[in-house]
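Data block for work.csv (CSV, C-alpha atoms):
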```
chain,number,residue,atom,x,y,z
B,1,MET,CA,-21.3,16.7,4.9
B,2,PHE,CA,-18.5,14.8,3.2
B,3,ASN,CA,-18.5,13.5,-0.4
B,4,ALA,CA,-15.2,11.6,-0.8
B,5,ILE,CA,-12.2,10.1,0.7
B,6,THR,CA,-9.2,11.4,-1.3
B,7,HIS,CA,-6.1,10.3,0.6
B,8,SER,CA,-5.1,7.6,3.0
B,9,ALA,CA,-1.6,7.2,4.5
B,10,ILE,CA,0.7,4.3,5.3
B,11,TYR,CA,4.2,4.5,6.8
B,12,VAL,CA,7.2,3.5,4.7
B,13,LEU,CA,10.9,3.7,5.8
B,14,ASP,CA,12.3,4.4,2.3
B,15,GLN,CA,10.1,6.3,-0.2
B,16,ASP,CA,12.3,5.2,-3.2
B,17,GLU,CA,11.9,1.6,-2.2
B,18,ALA,CA,8.2,2.2,-1.7
B,19,LEU,CA,8.0,3.6,-5.3
B,20,ASP,CA,9.8,0.5,-6.7
B,21,PHE,CA,7.3,-1.7,-4.9
B,22,TYR,CA,4.0,0.1,-5.4
B,23,VAL,CA,4.7,1.4,-8.9
B,24,GLY,CA,7.3,-1.1,-10.2
B,25,LYS,CA,5.7,-4.3,-8.9
B,26,LEU,CA,2.1,-3.6,-8.1
B,27,GLY,CA,1.5,-1.3,-11.1
B,28,LEU,CA,0.1,1.7,-9.4
B,29,GLU,CA,1.1,5.1,-10.7
B,30,VAL,CA,2.6,8.2,-9.1
B,31,ALA,CA,-0.1,10.7,-8.4
B,32,ALA,CA,2.2,13.3,-6.7
B,33,ASP,CA,5.9,13.5,-5.9
B,34,VAL,CA,6.6,16.9,-4.4
B,35,ASP,CA,9.5,18.1,-2.2
B,36,LEU,CA,7.9,20.3,0.4
B,37,GLY,CA,11.2,21.0,2.1
B,38,LEU,CA,10.4,19.4,5.4
B,39,MET,CA,9.0,16.3,3.8
B,40,ARG,CA,8.4,14.6,0.5
B,41,TRP,CA,4.7,14.3,-0.5
B,42,LEU,CA,4.6,11.1,-2.4
B,43,THR,CA,1.3,9.5,-3.4
B,44,VAL,CA,0.3,6.7,-5.7
B,45,SER,CA,-3.0,5.6,-7.1
B,46,VAL,CA,-4.6,3.0,-9.3
B,47,PRO,CA,-4.0,4.0,-12.9
B,48,GLY,CA,-6.7,6.3,-14.2
B,49,HIS,CA,-8.1,6.9,-10.7
B,50,PRO,CA,-6.2,9.9,-9.2
B,51,GLU,CA,-9.2,10.8,-7.0
B,52,ARG,CA,-8.1,8.2,-4.4
B,53,GLN,CA,-4.5,8.3,-3.4
B,54,ILE,CA,-2.2,6.5,-0.9
B,55,LEU,CA,0.4,8.7,0.8
B,56,LEU,CA,3.6,6.8,1.2
B,57,GLU,CA,4.7,8.7,4.3
B,58,LYS,CA,8.1,8.5,5.9
B,59,PRO,CA,7.8,9.0,9.6
B,60,GLY,CA,9.3,12.3,10.7
B,61,PRO,CA,8.8,16.1,10.9
B,62,PRO,CA,6.7,18.0,10.4
B,63,ALA,CA,4.0,15.5,11.5
B,64,MET,CA,6.0,14.3,14.5
B,65,SER,CA,9.1,15.0,16.5
B,66,GLU,CA,12.3,13.2,15.6
B,67,GLU,CA,12.1,11.2,18.8
B,68,THR,CA,8.6,10.0,18.1
B,69,ALA,CA,9.6,9.4,14.4
B,70,GLU,CA,12.4,7.1,15.6
B,71,GLN,CA,9.9,5.1,17.8
B,72,VAL,CA,7.5,4.8,14.9
B,73,ARG,CA,10.3,3.7,12.5
B,74,GLU,CA,11.2,1.0,15.1
B,75,LEU,CA,7.6,-0.2,15.2
B,76,VAL,CA,7.4,-0.2,11.3
B,77,THR,CA,10.6,-2.3,11.2
B,78,LYS,CA,9.0,-4.8,13.5
B,79,GLY,CA,5.8,-4.9,11.4
B,80,ALA,CA,3.8,-3.5,14.2
B,81,MET,CA,2.6,-0.3,12.4
B,82,GLY,CA,1.4,-2.0,9.3
B,83,GLY,CA,-1.5,-0.2,7.6
B,84,TRP,CA,-4.1,-1.8,5.3
B,85,VAL,CA,-4.6,-1.3,1.6
B,86,ILE,CA,-7.3,-3.3,-0.2
B,87,LEU,CA,-7.4,-3.2,-4.0
B,88,THR,CA,-9.8,-4.9,-6.5
B,89,THR,CA,-8.9,-6.8,-9.6
B,90,ASP,CA,-10.9,-8.4,-12.4
B,91,ASP,CA,-8.9,-11.7,-12.1
B,92,CYS,CA,-7.4,-12.4,-8.7
B,93,ARG,CA,-5.5,-15.6,-9.8
B,94,LYS,CA,-4.0,-14.0,-12.8
B,95,THR,CA,-2.9,-10.9,-10.8
B,96,TYR,CA,-1.4,-13.2,-8.2
B,97,GLU,CA,0.6,-15.1,-10.8
B,98,THR,CA,1.8,-11.8,-12.4
B,99,LEU,CA,3.0,-10.4,-9.1
B,100,LEU,CA,4.5,-13.7,-8.0
B,101,ALA,CA,6.6,-13.6,-11.2
B,102,LYS,CA,7.8,-10.1,-10.2
B,103,GLY,CA,9.0,-11.4,-6.8
B,104,VAL,CA,6.2,-10.2,-4.6
B,105,GLU,CA,6.0,-12.3,-1.5
B,106,PHE,CA,2.5,-13.4,-0.5
B,107,THR,CA,1.0,-14.1,3.0
B,108,GLU,CA,-2.0,-15.9,1.5
B,109,GLU,CA,-2.7,-17.4,-1.9
B,110,PRO,CA,-6.0,-16.6,-3.8
B,111,THR,CA,-8.9,-18.1,-1.7
B,112,GLU,CA,-12.6,-18.3,-2.4
B,113,ARG,CA,-14.6,-16.2,0.0
B,114,PRO,CA,-18.3,-15.4,0.3
B,115,TYR,CA,-17.6,-12.0,-1.3
B,116,GLY,CA,-15.3,-13.2,-4.1
B,117,ILE,CA,-11.7,-14.4,-4.4
B,118,ASP,CA,-8.9,-12.6,-2.6
B,119,CYS,CA,-5.3,-13.0,-1.3
B,120,GLY,CA,-2.8,-11.2,0.9
B,121,LEU,CA,0.7,-9.9,0.8
B,122,ARG,CA,2.9,-7.4,2.7
B,123,ASP,CA,4.9,-4.5,1.3
B,124,PRO,CA,8.6,-4.2,2.3
B,125,PHE,CA,7.6,-2.3,5.4
B,126,GLY,CA,5.1,-4.7,6.9
B,127,ASN,CA,1.9,-3.0,5.5
B,128,ARG,CA,-0.8,-5.5,4.7
B,129,ILE,CA,-2.2,-5.5,1.2
B,130,ARG,CA,-5.1,-7.5,0.0
B,131,PHE,CA,-6.6,-7.6,-3.5
B,132,THR,CA,-10.0,-9.0,-4.2
B,133,GLN,CA,-11.9,-10.2,-7.3
B,134,PRO,CA,-15.5,-9.3,-6.2
B,135,LYS,CA,-18.1,-11.9,-6.6
B,136,THR,CA,-20.4,-11.2,-9.5
B,137,SER,CA,-24.1,-11.6,-9.0
```
Conversion result in structure tokens:
Amino acid sequence: MFNAITHSAIYVLDQDEALDFYVGKLGLEVAADVDLGLMRWLTVSVPGHPERQILLEKPGPPAMSEETAEQVRELVTKGAMGGWVILTTDDCRKTYETLLAKGVEFTEEPTERPYGIDCGLRDPFGNRIRFTQPKTS
């Protein structure tokens, strides 16, 4: 039936601030930035992998009423709507040090796990991000 997941969405309160974080700090690249009139379609992806994009969605019309959007924005502000993004890296500790130097705030330092080494952080809107260096066999 299905053969791919192409897009996932997370809520952000400010798309320009999200661009600064996801592109400027994490090193992802803009896959699409289109003004659709009622909304801005803004997606990012891992460089060289546009087949899997993250929609940085600002709560509002046309997806929801303004009243609902305000409630969602309040929950995002409280960190209660945080989505998840999990990325992989070849060197978790090096990536951690690089991002730390760029001012990224972490919730968990690189830790050995049964599946590899990973760590955690949050974006400026409360979305949880993990990146993992998968264990090699």
For segment 91-101 of chain B: contacts at 12 Å, only C-alpha atoms, fewer than 4 positions along chain excluded, given as an NGL selection string: :B and (21-27 or 87 or 105-113 or 116-121 or 130-136)
Which one is closest to Thr6 of chain B: B:Met39, B:Leu55, B:Leu19, B:Met81? Count all atoms listed in the file.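 Comparing B:Met39, B:Leu55, B:Leu19, B:Met81 against Thr6 of chain B, the winner is B:Leu55.
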Distance of atom CA of Lys58 of chain B from atom CA of Val34 of chain B, expressed in Å to one decimal place: 13.4 Å
Expressed in Å, the length from atom CA of Thr89 of chain B to atom CA of Ala9 of chain B is 21.2 Å
Place a sphere of radius 6 Å on (-3.2, -4.7, 1.7) in the file coordinates and name every protein, DNA or RNA residue with an atom inside or on its surface, counting only C-alpha atoms; give the answer as a ChimeraX atom specification. /B:84-86,128-130
At a cut-off of 12 Å from (6.5, 19.5, 2.2) in the coordinates of the file, what residues are picked up using all atoms listed in the file, written as a PyMOL selection string? chain B and resi 32-42+57-58+60-63
Using only C-alpha atoms, which residues sit within 8 Å of Val46 of chain B once same-chain residues fewer than 6 positions away are excluded, as a PyMOL selection string? chain B and resi 27-29+52-53
So that I have them on file, write out the residues from the current selection with C-alpha atoms, as a PDB file, in the frame of the given file.
```
ATOM      1  CA  GLY B  27       1.500  -1.300 -11.100  1.00  0.00           C
ATOM      2  CA  LEU B  28       0.100   1.700  -9.400  1.00  0.00           C
ATOM      3  CA  GLU B  29       1.100   5.100 -10.700  1.00  0.00           C
ATOM      4  CA  ARG B  52      -8.100   8.200  -4.400  1.00  0.00           C
ATOM      5  CA  GLN B  53      -4.500   8.300  -3.400  1.00  0.00           C
TER       6      GLN B  53
END
```
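Note that the spacing between atom CA of Leu56 of chain B and atom CA of Asp20 of chain B amounts to 11.9 Å.
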Using all atoms listed in the file, can you tell me which of B:Gly103, B:Pro114, B:Gly48, B:Gly126 comes closest to Glu74 of chain B? B:Gly126
Looking at all atoms listed in the file, which of B:Glu51, B:Asp90, B:Glu66, B:Asp123 is the one that sits closest to Val12 of chain B? B:Asp123
Using only C-alpha atoms, the residue out of B:Asn127, B:Asn3, B:Ser137, B:Thr68 with shortest distance to Ala18 of chain B is B:Asn127
Centre and edge lengths of an axis-aligned box around all listed atoms of segment 90-100 of chain B, with 6 Å added on each side, are to be given in Å to one decimal, as JSON.
```
{"center_x": -3.2, "center_y": -12.0, "center_z": -10.4, "size_x": 27.4, "size_y": 19.2, "size_z": 16.8}
```
So, with only C-alpha atoms as the atoms that count, which of B:Met64, B:Pro124, B:Val30, B:Gly83 lies closest to Asp14 of chain B?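 Among the listed residues, B:Pro124 lies closest to Asp14 of chain B.
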Please rebuild segment 17-29 of chain B with N, CA and C atoms and return the result as a PDB file, in the coordinates of the input.
```
ATOM      1  N   GLU B  17      12.233   3.007  -2.240  1.00  0.00           N
ATOM      2  CA  GLU B  17      11.900   1.600  -2.200  1.00  0.00           C
ATOM      3  C   GLU B  17      10.409   1.361  -2.312  1.00  0.00           C
ATOM      4  N   ALA B  18       9.640   2.237  -1.665  1.00  0.00           N
ATOM      5  CA  ALA B  18       8.200   2.200  -1.700  1.00  0.00           C
ATOM      6  C   ALA B  18       7.718   2.384  -3.187  1.00  0.00           C
ATOM      7  N   LEU B  19       8.324   3.341  -3.869  1.00  0.00           N
ATOM      8  CA  LEU B  19       8.000   3.600  -5.300  1.00  0.00           C
ATOM      9  C   LEU B  19       8.261   2.355  -6.131  1.00  0.00           C
ATOM     10  N   ASP B  20       9.403   1.741  -5.911  1.00  0.00           N
ATOM     11  CA  ASP B  20       9.800   0.500  -6.700  1.00  0.00           C
ATOM     12  C   ASP B  20       8.711  -0.552  -6.446  1.00  0.00           C
ATOM     13  N   PHE B  21       8.253  -0.699  -5.209  1.00  0.00           N
ATOM     14  CA  PHE B  21       7.300  -1.700  -4.900  1.00  0.00           C
ATOM     15  C   PHE B  21       5.882  -1.378  -5.455  1.00  0.00           C
ATOM     16  N   TYR B  22       5.368  -0.224  -5.072  1.00  0.00           N
ATOM     17  CA  TYR B  22       4.000   0.100  -5.400  1.00  0.00           C
ATOM     18  C   TYR B  22       3.795   0.434  -6.908  1.00  0.00           C
ATOM     19  N   VAL B  23       4.802   1.047  -7.520  1.00  0.00           N
ATOM     20  CA  VAL B  23       4.700   1.400  -8.900  1.00  0.00           C
ATOM     21  C   VAL B  23       5.346   0.261  -9.783  1.00  0.00           C
ATOM     22  N   GLY B  24       6.585  -0.099  -9.451  1.00  0.00           N
ATOM     23  CA  GLY B  24       7.300  -1.100 -10.200  1.00  0.00           C
ATOM     24  C   GLY B  24       6.754  -2.482 -10.193  1.00  0.00           C
ATOM     25  N   LYS B  25       6.256  -2.896  -9.032  1.00  0.00           N
ATOM     26  CA  LYS B  25       5.700  -4.300  -8.900  1.00  0.00           C
ATOM     27  C   LYS B  25       4.220  -4.325  -8.936  1.00  0.00           C
ATOM     28  N   LEU B  26       3.547  -3.478  -8.157  1.00  0.00           N
ATOM     29  CA  LEU B  26       2.100  -3.600  -8.100  1.00  0.00           C
ATOM     30  C   LEU B  26       1.404  -2.860  -9.279  1.00  0.00           C
ATOM     31  N   GLY B  27       2.120  -1.982  -9.968  1.00  0.00           N
ATOM     32  CA  GLY B  27       1.500  -1.300 -11.100  1.00  0.00           C
ATOM     33  C   GLY B  27       0.710  -0.102 -10.860  1.00  0.00           C
ATOM     34  N   LEU B  28       0.815   0.443  -9.640  1.00  0.00           N
ATOM     35  CA  LEU B  28       0.100   1.700  -9.400  1.00  0.00           C
ATOM     36  C   LEU B  28       0.932   2.811 -10.054  1.00  0.00           C
ATOM     37  N   GLU B  29       0.380   4.023 -10.081  1.00  0.00           N
ATOM     38  CA  GLU B  29       1.100   5.100 -10.700  1.00  0.00           C
ATOM     39  C   GLU B  29       1.298   6.253  -9.715  1.00  0.00           C
TER      40      GLU B  29
END
```
